[in-house]
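*Asks:* Supplied structure: start-v3.txt, compact mmCIF, C-alpha atoms.
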```txt
# COMPACT_ATOMS: atom_id res chain seq x y z
CA MET A 1 8.69 -18.10 7.86
CA ASP A 2 11.17 -15.62 9.25
CA TYR A 3 10.44 -12.11 8.02
CA ALA A 4 14.01 -11.56 6.79
CA GLU A 5 13.65 -14.64 4.57
CA LEU A 6 10.18 -13.56 3.46
CA LEU A 7 11.54 -10.17 2.34
CA ILE A 8 13.99 -11.94 0.04
CA LYS A 9 11.54 -14.51 -1.30
CA ARG A 10 8.72 -12.07 -2.06
CA ARG A 11 9.50 -11.32 -5.67
CA SER A 12 7.36 -10.51 -8.68
CA ILE A 13 6.86 -13.90 -10.31
CA ARG A 14 6.24 -14.07 -14.06
CA ASP A 15 6.68 -17.79 -14.58
CA TYR A 16 4.26 -20.19 -12.96
CA GLU A 17 3.91 -23.95 -12.66
CA GLU A 18 0.94 -25.66 -14.30
CA LYS A 19 -0.65 -26.25 -10.94
CA ALA A 20 -3.94 -24.89 -9.68
CA VAL A 21 -4.10 -23.00 -6.40
CA PRO A 22 -6.64 -24.63 -4.06
CA LEU A 23 -9.43 -22.24 -3.19
CA ASP A 24 -8.88 -22.81 0.54
CA VAL A 25 -5.32 -21.57 0.14
CA VAL A 26 -6.51 -18.44 -1.65
CA LYS A 27 -8.98 -17.78 1.14
CA ASP A 28 -6.33 -18.32 3.82
CA ILE A 29 -4.11 -15.76 2.09
CA ILE A 30 -6.99 -13.29 1.91
CA ASN A 31 -7.72 -13.83 5.60
CA ASP A 32 -4.13 -12.98 6.48
CA SER A 33 -4.21 -9.98 4.15
CA ILE A 34 -7.08 -8.28 5.92
CA LYS A 35 -4.91 -7.91 9.01
CA ALA A 36 -3.36 -4.97 7.17
CA PRO A 37 -3.59 -1.50 8.69
CA ASN A 38 -6.18 0.65 6.94
CA ALA A 39 -7.92 3.99 7.32
CA GLY A 40 -10.12 4.02 10.42
CA ASN A 41 -10.24 0.18 10.29
CA ARG A 42 -13.13 0.60 7.85
CA GLN A 43 -11.84 -2.28 5.68
CA ILE A 44 -13.29 -0.89 2.49
CA TRP A 45 -11.60 -3.55 0.37
CA SER A 46 -13.26 -6.41 -1.52
CA PHE A 47 -11.80 -9.38 -3.37
CA MET A 48 -12.54 -11.21 -6.59
CA ILE A 49 -10.95 -14.59 -7.23
CA ILE A 50 -10.41 -15.64 -10.85
CA ASN A 51 -9.43 -19.28 -10.95
CA ASP A 52 -9.99 -19.56 -14.69
CA LYS A 53 -7.14 -19.28 -17.18
CA ASN A 54 -9.53 -18.89 -20.14
CA LEU A 55 -11.21 -15.91 -18.55
CA LEU A 56 -7.80 -14.41 -17.69
CA LYS A 57 -6.68 -14.89 -21.31
CA LYS A 58 -9.84 -13.15 -22.51
CA ILE A 59 -9.20 -10.19 -20.20
CA SER A 60 -5.54 -10.11 -21.28
CA ASP A 61 -6.43 -10.02 -24.99
CA SER A 62 -8.99 -7.28 -24.45
CA ASN A 63 -6.69 -5.15 -22.28
CA LYS A 64 -3.77 -5.52 -24.69
CA ASN A 65 -5.96 -4.29 -27.54
CA ALA A 66 -7.28 -1.37 -25.51
CA ILE A 67 -3.78 -0.30 -24.45
CA LEU A 68 -2.52 -0.57 -28.05
CA ARG A 69 -5.43 1.53 -29.32
CA GLY A 70 -4.53 4.10 -26.66
CA ILE A 71 -0.94 4.20 -27.88
CA GLU A 72 -2.15 4.66 -31.48
CA ARG A 73 -4.27 7.62 -30.41
CA ASN A 74 -1.47 9.09 -28.30
CA PRO A 75 2.06 8.21 -29.41
CA ASN A 76 3.37 10.05 -26.30
CA SER A 77 1.55 7.62 -24.04
CA PRO A 78 3.67 6.31 -21.15
CA MET A 79 2.54 2.84 -22.30
CA LYS A 80 4.52 3.30 -25.53
CA VAL A 81 7.51 1.54 -23.94
CA TYR A 82 5.42 -1.63 -23.69
CA GLU A 83 4.22 -1.54 -27.31
CA GLU A 84 6.49 -4.23 -28.70
CA ARG A 85 5.61 -6.64 -25.91
CA LEU A 86 1.90 -5.87 -26.23
CA ARG A 87 2.05 -6.72 -29.95
CA ASP A 88 3.56 -10.12 -29.13
CA GLU A 89 0.69 -12.60 -29.41
CA THR A 90 2.26 -14.93 -26.89
CA TYR A 91 2.40 -12.23 -24.22
CA ASN A 92 -0.29 -12.58 -21.55
CA VAL A 93 -0.61 -9.73 -19.05
CA PHE A 94 -1.32 -12.39 -16.40
CA TYR A 95 1.80 -14.39 -17.36
CA ASN A 96 -0.32 -17.56 -17.63
CA ALA A 97 -0.78 -17.65 -13.87
CA PRO A 98 -3.48 -20.13 -12.84
CA CYS A 99 -5.20 -17.61 -10.62
CA ALA A 100 -5.61 -13.88 -10.10
CA VAL A 101 -7.13 -12.00 -7.21
CA PHE A 102 -8.47 -8.52 -7.90
CA ILE A 103 -8.49 -6.20 -4.91
CA ILE A 104 -11.30 -3.74 -5.34
CA GLY A 105 -12.51 -0.65 -3.50
CA PRO A 106 -15.03 2.19 -3.71
CA ALA A 107 -14.37 4.26 -6.83
CA LYS A 108 -12.73 7.61 -6.17
CA ALA A 109 -13.00 7.36 -2.36
CA PRO A 110 -10.07 9.22 -0.75
CA THR A 111 -8.43 6.18 0.88
CA THR A 112 -9.24 3.46 -1.69
CA ALA A 113 -5.85 3.37 -3.43
CA VAL A 114 -3.91 3.39 -0.19
CA ASP A 115 -6.10 0.86 1.67
CA CYS A 116 -6.13 -1.57 -1.26
CA ALA A 117 -2.35 -1.24 -1.67
CA LEU A 118 -1.84 -1.97 2.04
CA VAL A 119 -3.94 -5.13 1.85
CA ALA A 120 -2.24 -6.08 -1.44
CA SER A 121 1.15 -5.81 0.23
CA TYR A 122 0.00 -8.16 2.99
CA PHE A 123 -1.50 -10.47 0.35
CA MET A 124 1.81 -10.79 -1.48
CA LEU A 125 3.69 -11.56 1.73
CA ALA A 126 1.09 -14.07 2.95
CA ALA A 127 1.24 -15.86 -0.41
CA THR A 128 5.03 -15.99 -0.32
CA GLU A 129 4.91 -17.44 3.18
CA ARG A 130 2.85 -20.32 1.77
CA GLY A 131 5.29 -21.01 -1.06
CA LEU A 132 3.27 -19.18 -3.69
CA GLY A 133 4.31 -16.40 -6.00
CA THR A 134 2.55 -13.18 -6.90
CA CYS A 135 2.85 -10.29 -9.29
CA TRP A 136 0.90 -7.03 -9.41
CA SER A 137 -0.19 -6.77 -13.05
CA ALA A 138 -1.23 -3.17 -13.62
CA GLN A 139 -2.12 -4.05 -17.22
CA GLY A 140 -4.47 -6.72 -15.89
CA GLY A 141 -6.60 -4.10 -14.22
CA LEU A 142 -6.94 -1.80 -17.21
CA ILE A 143 -10.22 -3.32 -18.30
CA ARG A 144 -11.93 -1.01 -20.81
CA ASP A 145 -14.57 -3.44 -22.10
CA PRO A 146 -17.86 -2.93 -20.22
CA ASP A 147 -18.99 -6.44 -21.19
CA ILE A 148 -15.99 -7.95 -19.43
CA MET A 149 -16.61 -5.79 -16.36
CA LYS A 150 -20.18 -7.10 -16.39
CA GLU A 151 -19.08 -10.70 -16.84
CA LEU A 152 -16.63 -10.31 -13.96
CA GLY A 153 -19.26 -8.71 -11.78
CA VAL A 154 -17.31 -5.66 -10.65
CA PRO A 155 -19.95 -3.44 -9.04
CA GLU A 156 -20.41 -0.14 -10.89
CA ASN A 157 -19.33 2.06 -7.99
CA GLN A 158 -16.17 0.05 -7.41
CA GLU A 159 -12.77 0.06 -9.06
CA ILE A 160 -10.00 -2.52 -9.40
CA ILE A 161 -6.90 -1.22 -7.64
CA ALA A 162 -4.66 -4.27 -7.32
CA PRO A 163 -4.82 -7.13 -9.83
CA ILE A 164 -2.52 -9.72 -8.25
CA LEU A 165 -1.43 -12.93 -9.97
CA LEU A 166 -1.14 -16.00 -7.81
CA GLY A 167 0.45 -19.37 -8.47
CA TYR A 168 3.33 -21.67 -7.72
CA PRO A 169 6.57 -20.12 -9.02
CA GLN A 170 8.78 -22.02 -11.44
CA SER A 171 11.67 -20.23 -9.76
CA ILE A 172 12.26 -17.20 -7.56
CA PRO A 173 14.40 -14.57 -9.29
CA PRO A 174 16.89 -12.48 -7.31
CA MET A 175 15.79 -9.09 -6.00
CA PRO A 176 16.23 -6.38 -8.65
CA ASP A 177 18.54 -3.57 -7.60
CA ARG A 178 17.24 -0.86 -5.33
CA LYS A 179 18.48 2.71 -5.47
CA GLU A 180 19.85 4.13 -2.23
CA ALA A 181 16.87 5.31 -0.18
CA ASN A 182 16.18 8.97 -0.91
CA ILE A 183 16.03 10.63 2.52
CA ILE A 184 15.11 14.20 1.63
CA LYS A 185 15.76 15.63 5.05
CA ILE A 186 16.36 14.70 8.69
CA HIS A 187 14.91 17.06 11.28
CA GLY A 188 16.26 16.83 14.82
CA VAL A 189 18.91 14.48 16.16
CA GLU A 190 21.16 13.14 13.42
CA MET B 1 10.74 -12.72 13.72
CA ASP B 2 8.30 -15.26 12.37
CA TYR B 3 5.80 -13.66 10.00
CA ALA B 4 2.79 -15.11 11.87
CA GLU B 5 4.03 -13.39 15.05
CA LEU B 6 4.78 -10.19 13.15
CA LEU B 7 1.21 -10.07 11.82
CA ILE B 8 -0.11 -10.11 15.38
CA LYS B 9 2.41 -7.64 16.80
CA ARG B 10 2.05 -5.03 14.03
CA ARG B 11 -0.59 -2.83 15.58
CA SER B 12 -1.30 0.89 15.41
CA ILE B 13 0.51 2.22 18.48
CA ARG B 14 -0.77 5.41 20.12
CA ASP B 15 1.22 5.28 23.36
CA TYR B 16 4.99 5.54 23.22
CA GLU B 17 7.85 5.32 25.70
CA GLU B 18 9.95 8.43 26.36
CA LYS B 19 12.84 6.96 24.42
CA ALA B 20 14.40 8.31 21.26
CA VAL B 21 14.76 6.10 18.19
CA PRO B 22 18.41 5.95 17.09
CA LEU B 23 18.84 7.32 13.59
CA ASP B 24 20.63 4.15 12.49
CA VAL B 25 17.56 2.14 13.43
CA VAL B 26 15.32 4.45 11.41
CA LYS B 27 17.61 4.07 8.43
CA ASP B 28 17.69 0.27 8.77
CA ILE B 29 13.89 0.23 8.75
CA ILE B 30 13.83 2.44 5.65
CA ASN B 31 16.33 0.16 3.94
CA ASP B 32 14.10 -2.84 4.57
CA SER B 33 11.03 -0.87 3.44
CA ILE B 34 12.38 -0.17 -0.01
CA LYS B 35 12.33 -3.89 -0.78
CA ALA B 36 8.60 -3.39 -1.35
CA PRO B 37 7.13 -4.14 -4.76
CA ASN B 38 6.38 -0.98 -6.71
CA ALA B 39 5.34 0.11 -10.19
CA GLY B 40 8.04 -0.71 -12.72
CA ASN B 41 10.61 -0.78 -9.88
CA ARG B 42 10.87 3.00 -10.36
CA GLN B 43 11.02 3.57 -6.57
CA ILE B 44 9.44 7.00 -6.75
CA TRP B 45 9.26 7.27 -2.97
CA SER B 46 11.25 9.60 -0.72
CA PHE B 47 11.53 9.81 3.06
CA MET B 48 11.67 12.59 5.60
CA ILE B 49 12.71 11.79 9.17
CA ILE B 50 11.41 14.04 11.94
CA ASN B 51 13.24 13.24 15.15
CA ASP B 52 11.99 16.36 16.91
CA LYS B 53 9.00 16.32 19.23
CA ASN B 54 8.75 20.13 19.24
CA LEU B 55 8.45 20.27 15.48
CA LEU B 56 5.90 17.44 15.56
CA LYS B 57 3.88 19.35 18.18
CA LYS B 58 3.98 22.46 16.00
CA ILE B 59 2.70 20.50 12.99
CA SER B 60 0.04 18.86 15.15
CA ASP B 61 -1.25 22.22 16.47
CA SER B 62 -1.34 23.68 12.99
CA ASN B 63 -3.09 20.68 11.44
CA LYS B 64 -5.66 20.48 14.23
CA ASN B 65 -6.54 24.13 13.68
CA ALA B 66 -6.78 23.69 9.93
CA ILE B 67 -9.03 20.63 10.25
CA LEU B 68 -11.27 22.43 12.78
CA ARG B 69 -11.57 25.45 10.48
CA GLY B 70 -12.57 23.05 7.71
CA ILE B 71 -15.28 21.54 9.91
CA GLU B 72 -16.57 25.03 10.75
CA ARG B 73 -16.81 25.86 7.04
CA ASN B 74 -18.45 22.51 6.25
CA PRO B 75 -20.41 20.90 9.09
CA ASN B 76 -20.95 17.85 6.83
CA SER B 77 -17.21 17.24 6.66
CA PRO B 78 -16.21 13.60 7.23
CA MET B 79 -13.76 15.00 9.83
CA LYS B 80 -16.73 16.09 11.98
CA VAL B 81 -16.54 12.80 13.92
CA TYR B 82 -13.10 13.83 15.18
CA GLU B 83 -14.16 17.32 16.29
CA GLU B 84 -14.33 16.67 20.03
CA ARG B 85 -10.90 15.05 20.05
CA LEU B 86 -9.42 17.81 17.90
CA ARG B 87 -10.66 20.43 20.38
CA ASP B 88 -8.88 18.61 23.22
CA GLU B 89 -5.69 20.59 23.85
CA THR B 90 -3.86 17.51 25.10
CA TYR B 91 -4.50 15.61 21.86
CA ASN B 92 -1.48 15.41 19.58
CA VAL B 93 -2.04 13.93 16.12
CA PHE B 94 1.39 12.28 16.47
CA TYR B 95 0.48 10.79 19.88
CA ASN B 96 3.69 12.23 21.36
CA ALA B 97 5.77 9.73 19.39
CA PRO B 98 9.46 10.62 19.47
CA CYS B 99 9.81 10.27 15.72
CA ALA B 100 7.81 10.39 12.53
CA VAL B 101 8.78 9.37 9.03
CA PHE B 102 6.90 10.99 6.16
CA ILE B 103 6.76 8.93 2.99
CA ILE B 104 6.54 11.29 0.06
CA GLY B 105 6.03 10.92 -3.69
CA PRO B 106 5.49 12.93 -6.86
CA ALA B 107 2.26 14.93 -6.58
CA LYS B 108 -0.61 13.55 -8.64
CA ALA B 109 1.47 10.88 -10.40
CA PRO B 110 -0.70 7.85 -11.18
CA THR B 111 1.14 5.36 -8.94
CA THR B 112 2.23 7.64 -6.07
CA ALA B 113 -0.47 6.66 -3.58
CA VAL B 114 -0.09 2.95 -4.25
CA ASP B 115 3.73 2.89 -4.30
CA CYS B 116 4.00 4.93 -1.10
CA ALA B 117 1.40 2.73 0.63
CA LEU B 118 3.32 -0.41 -0.38
CA VAL B 119 6.56 0.94 1.06
CA ALA B 120 4.67 2.18 4.15
CA SER B 121 3.32 -1.29 4.74
CA TYR B 122 6.84 -2.71 4.61
CA PHE B 123 8.03 0.10 6.88
CA MET B 124 5.47 -0.77 9.56
CA LEU B 125 6.40 -4.46 9.46
CA ALA B 126 10.14 -3.77 9.52
CA ALA B 127 9.69 -1.48 12.54
CA THR B 128 7.64 -4.10 14.36
CA GLU B 129 10.32 -6.70 13.71
CA ARG B 130 12.78 -4.45 15.54
CA GLY B 131 10.50 -4.02 18.57
CA LEU B 132 9.21 -0.61 17.51
CA GLY B 133 5.66 0.58 17.07
CA THR B 134 4.11 2.61 14.28
CA CYS B 135 0.89 4.37 13.44
CA TRP B 136 -0.22 5.95 10.17
CA SER B 137 -1.46 9.39 11.21
CA ALA B 138 -3.54 10.72 8.33
CA GLN B 139 -4.11 13.93 10.31
CA GLY B 140 -0.35 14.35 10.56
CA GLY B 141 -0.09 14.69 6.80
CA LEU B 142 -2.85 17.28 6.39
CA ILE B 143 -0.42 20.19 6.51
CA ARG B 144 -2.14 23.33 5.22
CA ASP B 145 0.40 25.91 6.41
CA PRO B 146 2.84 26.74 3.58
CA ASP B 147 5.39 28.01 6.12
CA ILE B 148 5.50 24.60 7.78
CA MET B 149 5.83 22.87 4.41
CA LYS B 150 8.76 25.20 3.72
CA GLU B 151 10.32 24.58 7.13
CA LEU B 152 9.98 20.83 6.58
CA GLY B 153 11.46 21.07 3.12
CA VAL B 154 8.81 19.10 1.24
CA PRO B 155 9.62 19.82 -2.42
CA GLU B 156 6.83 21.70 -4.20
CA ASN B 157 6.08 18.97 -6.72
CA GLN B 158 5.86 16.30 -4.03
CA GLU B 159 3.10 15.27 -1.65
CA ILE B 160 3.08 13.50 1.71
CA ILE B 161 1.23 10.20 1.35
CA ALA B 162 2.12 8.28 4.51
CA PRO B 163 2.96 10.08 7.77
CA ILE B 164 4.11 7.21 10.00
CA LEU B 165 4.82 7.56 13.71
CA LEU B 166 7.70 5.58 15.08
CA GLY B 167 8.73 4.81 18.65
CA TYR B 168 8.95 2.18 21.35
CA PRO B 169 5.44 1.08 22.34
CA GLN B 170 4.31 1.28 25.95
CA SER B 171 2.22 -1.79 25.17
CA ILE B 172 0.88 -3.62 22.14
CA PRO B 173 -2.93 -3.62 22.01
CA PRO B 174 -4.85 -6.63 20.68
CA MET B 175 -5.88 -6.65 17.03
CA PRO B 176 -9.16 -4.84 16.50
CA ASP B 177 -11.89 -6.98 14.97
CA ARG B 178 -11.89 -7.63 11.27
CA LYS B 179 -15.05 -8.16 9.26
CA GLU B 180 -15.29 -11.38 7.29
CA ALA B 181 -13.40 -10.83 4.02
CA ASN B 182 -15.78 -9.62 1.34
CA ILE B 183 -15.21 -11.95 -1.62
CA ILE B 184 -17.47 -10.45 -4.27
CA LYS B 185 -17.21 -13.34 -6.68
CA ILE B 186 -15.24 -16.50 -7.45
CA HIS B 187 -14.77 -17.31 -11.13
CA GLY B 188 -13.73 -20.84 -12.02
CA VAL B 189 -13.07 -23.74 -9.67
CA GLU B 190 -14.76 -23.28 -6.33
```
Translate this file's structure into structure tokens.
*Replies:*
Amino acid sequence: MDYAELLIKRRSIRDYEEKAVPLDVVKDIINDSIKAPNAGNRQIWSFMIINDKNLLKKISDSNKNAILRGIERNPNSPMKVYEERLRDETYNVFYNAPCAVFIIGPAKAPTTAVDCALVASYFMLAATERGLGTCWSAQGGLIRDPDIMKELGVPENQEIIAPILLGYPQSIPPMPDRKEANIIKIHGVE
Amino acid sequence: MDYAELLIKRRSIRDYEEKAVPLDVVKDIINDSIKAPNAGNRQIWSFMIINDKNLLKKISDSNKNAILRGIERNPNSPMKVYEERLRDETYNVFYNAPCAVFIIGPAKAPTTAVDCALVASYFMLAATERGLGTCWSAQGGLIRDPDIMKELGVPENQEIIAPILLGYPQSIPPMPDRKEANIIKIHGVE
């Protein structure tokens, strides 16, 4: 697909078809993703594939509860704006996507956030190129239940940076508005 | 350009032609970059364009000295592996690129690293699509001299996340090897 078209089609998808994503397709997308630039080409990223809507629902319920408890403890929490939605029983932080891929890296290593975001960006574009939709669900990664972390098998010294939903989009929404790029300063030739 | 071709051509470029990058081209690349997904579509990123090889050389000299002083203080520093190169007077952390764009975000905000890396990833692809080369120079962002930060005009509550070189490549090297993708676990249908 032409990159200009890809830029338009890569949108955050929150409405998925009832159609499983073949594992081979997920792996192909991952294999394109790891072509991303990364610090010292050390490729510190790992992937977890969750092709199980029941498990995703279980994580969603647990995370919603944990976030709501956080808001109760701290009414100034930045999550407060999501409270009403989080209290909606029909709301699933994974938007009922058939699949999620968690991009994981060494906890607290200096380049983990950046390297995982770079590979996540490539992941979302590679999925779009194959007609799939994605959405980075920050709430999906806020797992506070150690039993769920154990069930998932996230190694103890690793952290989830990018929880990305994956599925076939019901439709592709238009690009939300962008602000004018904030160019703080231009040094040299203008 | 087709995305499959773009994936191959987007390489870290460390050898640039003696040819300035027109400011309009830099701005076009930035305008494509900000189509990147980002937390809550808040677009917390800012850009600084440095179209001035003398200023880049000054930053490079200062950063090299600061990194070397750090290695002297701490011989176990992870930067130790770069010591020989850093002591080479001909080495420029910006690889004599004619231009650099610093992607900047709010210091210590929870999504700054990730949001700036997402937009940086888009920046590198958009540059490649236009026949330009890029390289993320981590050493370029390690500015320890407050006078240089002042001269640059980086606001005090902001930090440089992605210092990206930009210029016309002398040549495009082949993709360095990738390890097999590390899929920790597959839950559900295999």
*Asks:* Would you write out chain A as a short mmCIF file (atom, residue, chain, number, x, y, z; two decimals) with C-alpha atoms, keeping the file's coordinate frame, after superposing it on chain B by least squares over all in-order Cα pairs?
*Replies:*
```cif
data_model
loop_
_atom_site.label_atom_id
_atom_site.label_comp_id
_atom_site.auth_asym_id
_atom_site.auth_seq_id
_atom_site.Cartn_x
_atom_site.Cartn_y
_atom_site.Cartn_z
CA MET A 1 10.75 -12.74 13.69
CA ASP A 2 8.30 -15.27 12.34
CA TYR A 3 5.80 -13.66 9.99
CA ALA A 4 2.79 -15.10 11.84
CA GLU A 5 4.03 -13.40 15.03
CA LEU A 6 4.79 -10.20 13.14
CA LEU A 7 1.22 -10.07 11.81
CA ILE A 8 -0.09 -10.11 15.37
CA LYS A 9 2.42 -7.63 16.78
CA ARG A 10 2.06 -5.04 14.02
CA ARG A 11 -0.57 -2.84 15.57
CA SER A 12 -1.28 0.87 15.42
CA ILE A 13 0.51 2.21 18.48
CA ARG A 14 -0.77 5.40 20.12
CA ASP A 15 1.22 5.26 23.34
CA TYR A 16 4.99 5.53 23.20
CA GLU A 17 7.84 5.32 25.68
CA GLU A 18 9.94 8.41 26.35
CA LYS A 19 12.82 6.95 24.42
CA ALA A 20 14.40 8.30 21.27
CA VAL A 21 14.76 6.09 18.21
CA PRO A 22 18.42 5.95 17.10
CA LEU A 23 18.84 7.32 13.61
CA ASP A 24 20.64 4.15 12.49
CA VAL A 25 17.57 2.14 13.43
CA VAL A 26 15.33 4.45 11.42
CA LYS A 27 17.62 4.08 8.43
CA ASP A 28 17.69 0.29 8.77
CA ILE A 29 13.89 0.24 8.75
CA ILE A 30 13.82 2.45 5.66
CA ASN A 31 16.33 0.17 3.94
CA ASP A 32 14.09 -2.83 4.56
CA SER A 33 11.04 -0.87 3.43
CA ILE A 34 12.39 -0.16 -0.03
CA LYS A 35 12.33 -3.88 -0.78
CA ALA A 36 8.61 -3.37 -1.34
CA PRO A 37 7.13 -4.14 -4.75
CA ASN A 38 6.38 -0.98 -6.71
CA ALA A 39 5.33 0.11 -10.19
CA GLY A 40 8.03 -0.72 -12.73
CA ASN A 41 10.60 -0.78 -9.88
CA ARG A 42 10.85 2.99 -10.37
CA GLN A 43 11.02 3.56 -6.58
CA ILE A 44 9.44 6.98 -6.75
CA TRP A 45 9.25 7.26 -2.97
CA SER A 46 11.24 9.60 -0.72
CA PHE A 47 11.52 9.81 3.06
CA MET A 48 11.67 12.58 5.62
CA ILE A 49 12.71 11.79 9.18
CA ILE A 50 11.41 14.05 11.95
CA ASN A 51 13.23 13.25 15.16
CA ASP A 52 12.00 16.38 16.91
CA LYS A 53 9.00 16.34 19.23
CA ASN A 54 8.74 20.15 19.25
CA LEU A 55 8.46 20.28 15.49
CA LEU A 56 5.89 17.45 15.56
CA LYS A 57 3.87 19.36 18.19
CA LYS A 58 3.97 22.46 16.00
CA ILE A 59 2.70 20.50 12.99
CA SER A 60 0.03 18.86 15.16
CA ASP A 61 -1.25 22.21 16.47
CA SER A 62 -1.35 23.69 12.98
CA ASN A 63 -3.09 20.67 11.43
CA LYS A 64 -5.66 20.48 14.23
CA ASN A 65 -6.55 24.14 13.67
CA ALA A 66 -6.79 23.69 9.91
CA ILE A 67 -9.03 20.63 10.25
CA LEU A 68 -11.26 22.44 12.77
CA ARG A 69 -11.58 25.45 10.47
CA GLY A 70 -12.57 23.04 7.70
CA ILE A 71 -15.29 21.55 9.89
CA GLU A 72 -16.58 25.05 10.72
CA ARG A 73 -16.83 25.86 7.02
CA ASN A 74 -18.45 22.51 6.23
CA PRO A 75 -20.42 20.92 9.06
CA ASN A 76 -20.96 17.85 6.81
CA SER A 77 -17.22 17.24 6.67
CA PRO A 78 -16.22 13.60 7.24
CA MET A 79 -13.78 15.00 9.84
CA LYS A 80 -16.75 16.10 11.98
CA VAL A 81 -16.56 12.82 13.92
CA TYR A 82 -13.11 13.84 15.17
CA GLU A 83 -14.17 17.33 16.29
CA GLU A 84 -14.33 16.68 20.01
CA ARG A 85 -10.90 15.05 20.04
CA LEU A 86 -9.42 17.81 17.89
CA ARG A 87 -10.68 20.42 20.38
CA ASP A 88 -8.89 18.60 23.21
CA GLU A 89 -5.71 20.57 23.84
CA THR A 90 -3.88 17.51 25.09
CA TYR A 91 -4.52 15.61 21.86
CA ASN A 92 -1.48 15.40 19.58
CA VAL A 93 -2.04 13.94 16.11
CA PHE A 94 1.39 12.28 16.47
CA TYR A 95 0.47 10.79 19.88
CA ASN A 96 3.70 12.22 21.36
CA ALA A 97 5.78 9.73 19.40
CA PRO A 98 9.48 10.62 19.48
CA CYS A 99 9.82 10.28 15.74
CA ALA A 100 7.81 10.39 12.53
CA VAL A 101 8.78 9.38 9.04
CA PHE A 102 6.91 11.00 6.16
CA ILE A 103 6.76 8.93 2.99
CA ILE A 104 6.54 11.28 0.07
CA GLY A 105 6.03 10.91 -3.68
CA PRO A 106 5.49 12.93 -6.86
CA ALA A 107 2.27 14.92 -6.58
CA LYS A 108 -0.61 13.54 -8.61
CA ALA A 109 1.49 10.88 -10.39
CA PRO A 110 -0.70 7.84 -11.17
CA THR A 111 1.15 5.35 -8.94
CA THR A 112 2.24 7.63 -6.07
CA ALA A 113 -0.48 6.65 -3.58
CA VAL A 114 -0.10 2.96 -4.25
CA ASP A 115 3.73 2.89 -4.29
CA CYS A 116 4.00 4.93 -1.09
CA ALA A 117 1.40 2.73 0.63
CA LEU A 118 3.33 -0.41 -0.38
CA VAL A 119 6.57 0.95 1.07
CA ALA A 120 4.69 2.19 4.15
CA SER A 121 3.32 -1.30 4.73
CA TYR A 122 6.85 -2.72 4.61
CA PHE A 123 8.03 0.10 6.89
CA MET A 124 5.48 -0.77 9.56
CA LEU A 125 6.40 -4.45 9.46
CA ALA A 126 10.15 -3.77 9.51
CA ALA A 127 9.70 -1.49 12.53
CA THR A 128 7.63 -4.10 14.36
CA GLU A 129 10.31 -6.70 13.69
CA ARG A 130 12.77 -4.45 15.54
CA GLY A 131 10.49 -4.03 18.55
CA LEU A 132 9.21 -0.62 17.52
CA GLY A 133 5.67 0.57 17.06
CA THR A 134 4.12 2.61 14.29
CA CYS A 135 0.89 4.35 13.44
CA TRP A 136 -0.22 5.94 10.17
CA SER A 137 -1.46 9.39 11.22
CA ALA A 138 -3.53 10.72 8.34
CA GLN A 139 -4.11 13.93 10.32
CA GLY A 140 -0.34 14.36 10.55
CA GLY A 141 -0.08 14.70 6.81
CA LEU A 142 -2.82 17.28 6.39
CA ILE A 143 -0.42 20.19 6.51
CA ARG A 144 -2.14 23.34 5.21
CA ASP A 145 0.41 25.91 6.39
CA PRO A 146 2.85 26.75 3.57
CA ASP A 147 5.39 28.01 6.11
CA ILE A 148 5.49 24.61 7.78
CA MET A 149 5.84 22.88 4.41
CA LYS A 150 8.77 25.20 3.73
CA GLU A 151 10.33 24.58 7.13
CA LEU A 152 9.99 20.84 6.60
CA GLY A 153 11.46 21.07 3.13
CA VAL A 154 8.82 19.12 1.24
CA PRO A 155 9.62 19.82 -2.42
CA GLU A 156 6.81 21.70 -4.19
CA ASN A 157 6.07 18.96 -6.71
CA GLN A 158 5.86 16.30 -4.02
CA GLU A 159 3.11 15.25 -1.64
CA ILE A 160 3.08 13.50 1.73
CA ILE A 161 1.24 10.20 1.36
CA ALA A 162 2.13 8.28 4.52
CA PRO A 163 2.96 10.07 7.77
CA ILE A 164 4.10 7.21 10.00
CA LEU A 165 4.82 7.56 13.72
CA LEU A 166 7.71 5.58 15.09
CA GLY A 167 8.74 4.80 18.65
CA TYR A 168 8.96 2.18 21.34
CA PRO A 169 5.44 1.07 22.33
CA GLN A 170 4.31 1.27 25.94
CA SER A 171 2.22 -1.80 25.15
CA ILE A 172 0.88 -3.64 22.12
CA PRO A 173 -2.93 -3.63 22.01
CA PRO A 174 -4.84 -6.63 20.67
CA MET A 175 -5.86 -6.66 17.01
CA PRO A 176 -9.16 -4.83 16.49
CA ASP A 177 -11.89 -6.98 14.98
CA ARG A 178 -11.89 -7.63 11.27
CA LYS A 179 -15.06 -8.14 9.27
CA GLU A 180 -15.29 -11.37 7.30
CA ALA A 181 -13.40 -10.83 4.04
CA ASN A 182 -15.79 -9.60 1.36
CA ILE A 183 -15.21 -11.94 -1.59
CA ILE A 184 -17.48 -10.45 -4.24
CA LYS A 185 -17.22 -13.33 -6.64
CA ILE A 186 -15.24 -16.49 -7.43
CA HIS A 187 -14.77 -17.30 -11.10
CA GLY A 188 -13.75 -20.84 -12.01
CA VAL A 189 -13.08 -23.75 -9.67
CA GLU A 190 -14.77 -23.30 -6.31
#
```
*Asks:* What residues in chain B have any atom no more than 6 Å from chain A when counting all atoms listed in the file, and can you write them as a VMD selection string?
*Replies:* chain B and resid 1 to 3 46 to 52 113 to 114 117 to 118 121 182 to 189
*Asks:* Can you tell me which residues surround A:Gly133 at a distance of at most 6 Å, considering only C-alpha atoms, apart from same-chain residues fewer than 4 positions away, and format the answer as a PyMOL selection string?
*Replies:* chain A and resi 13+128+166-169
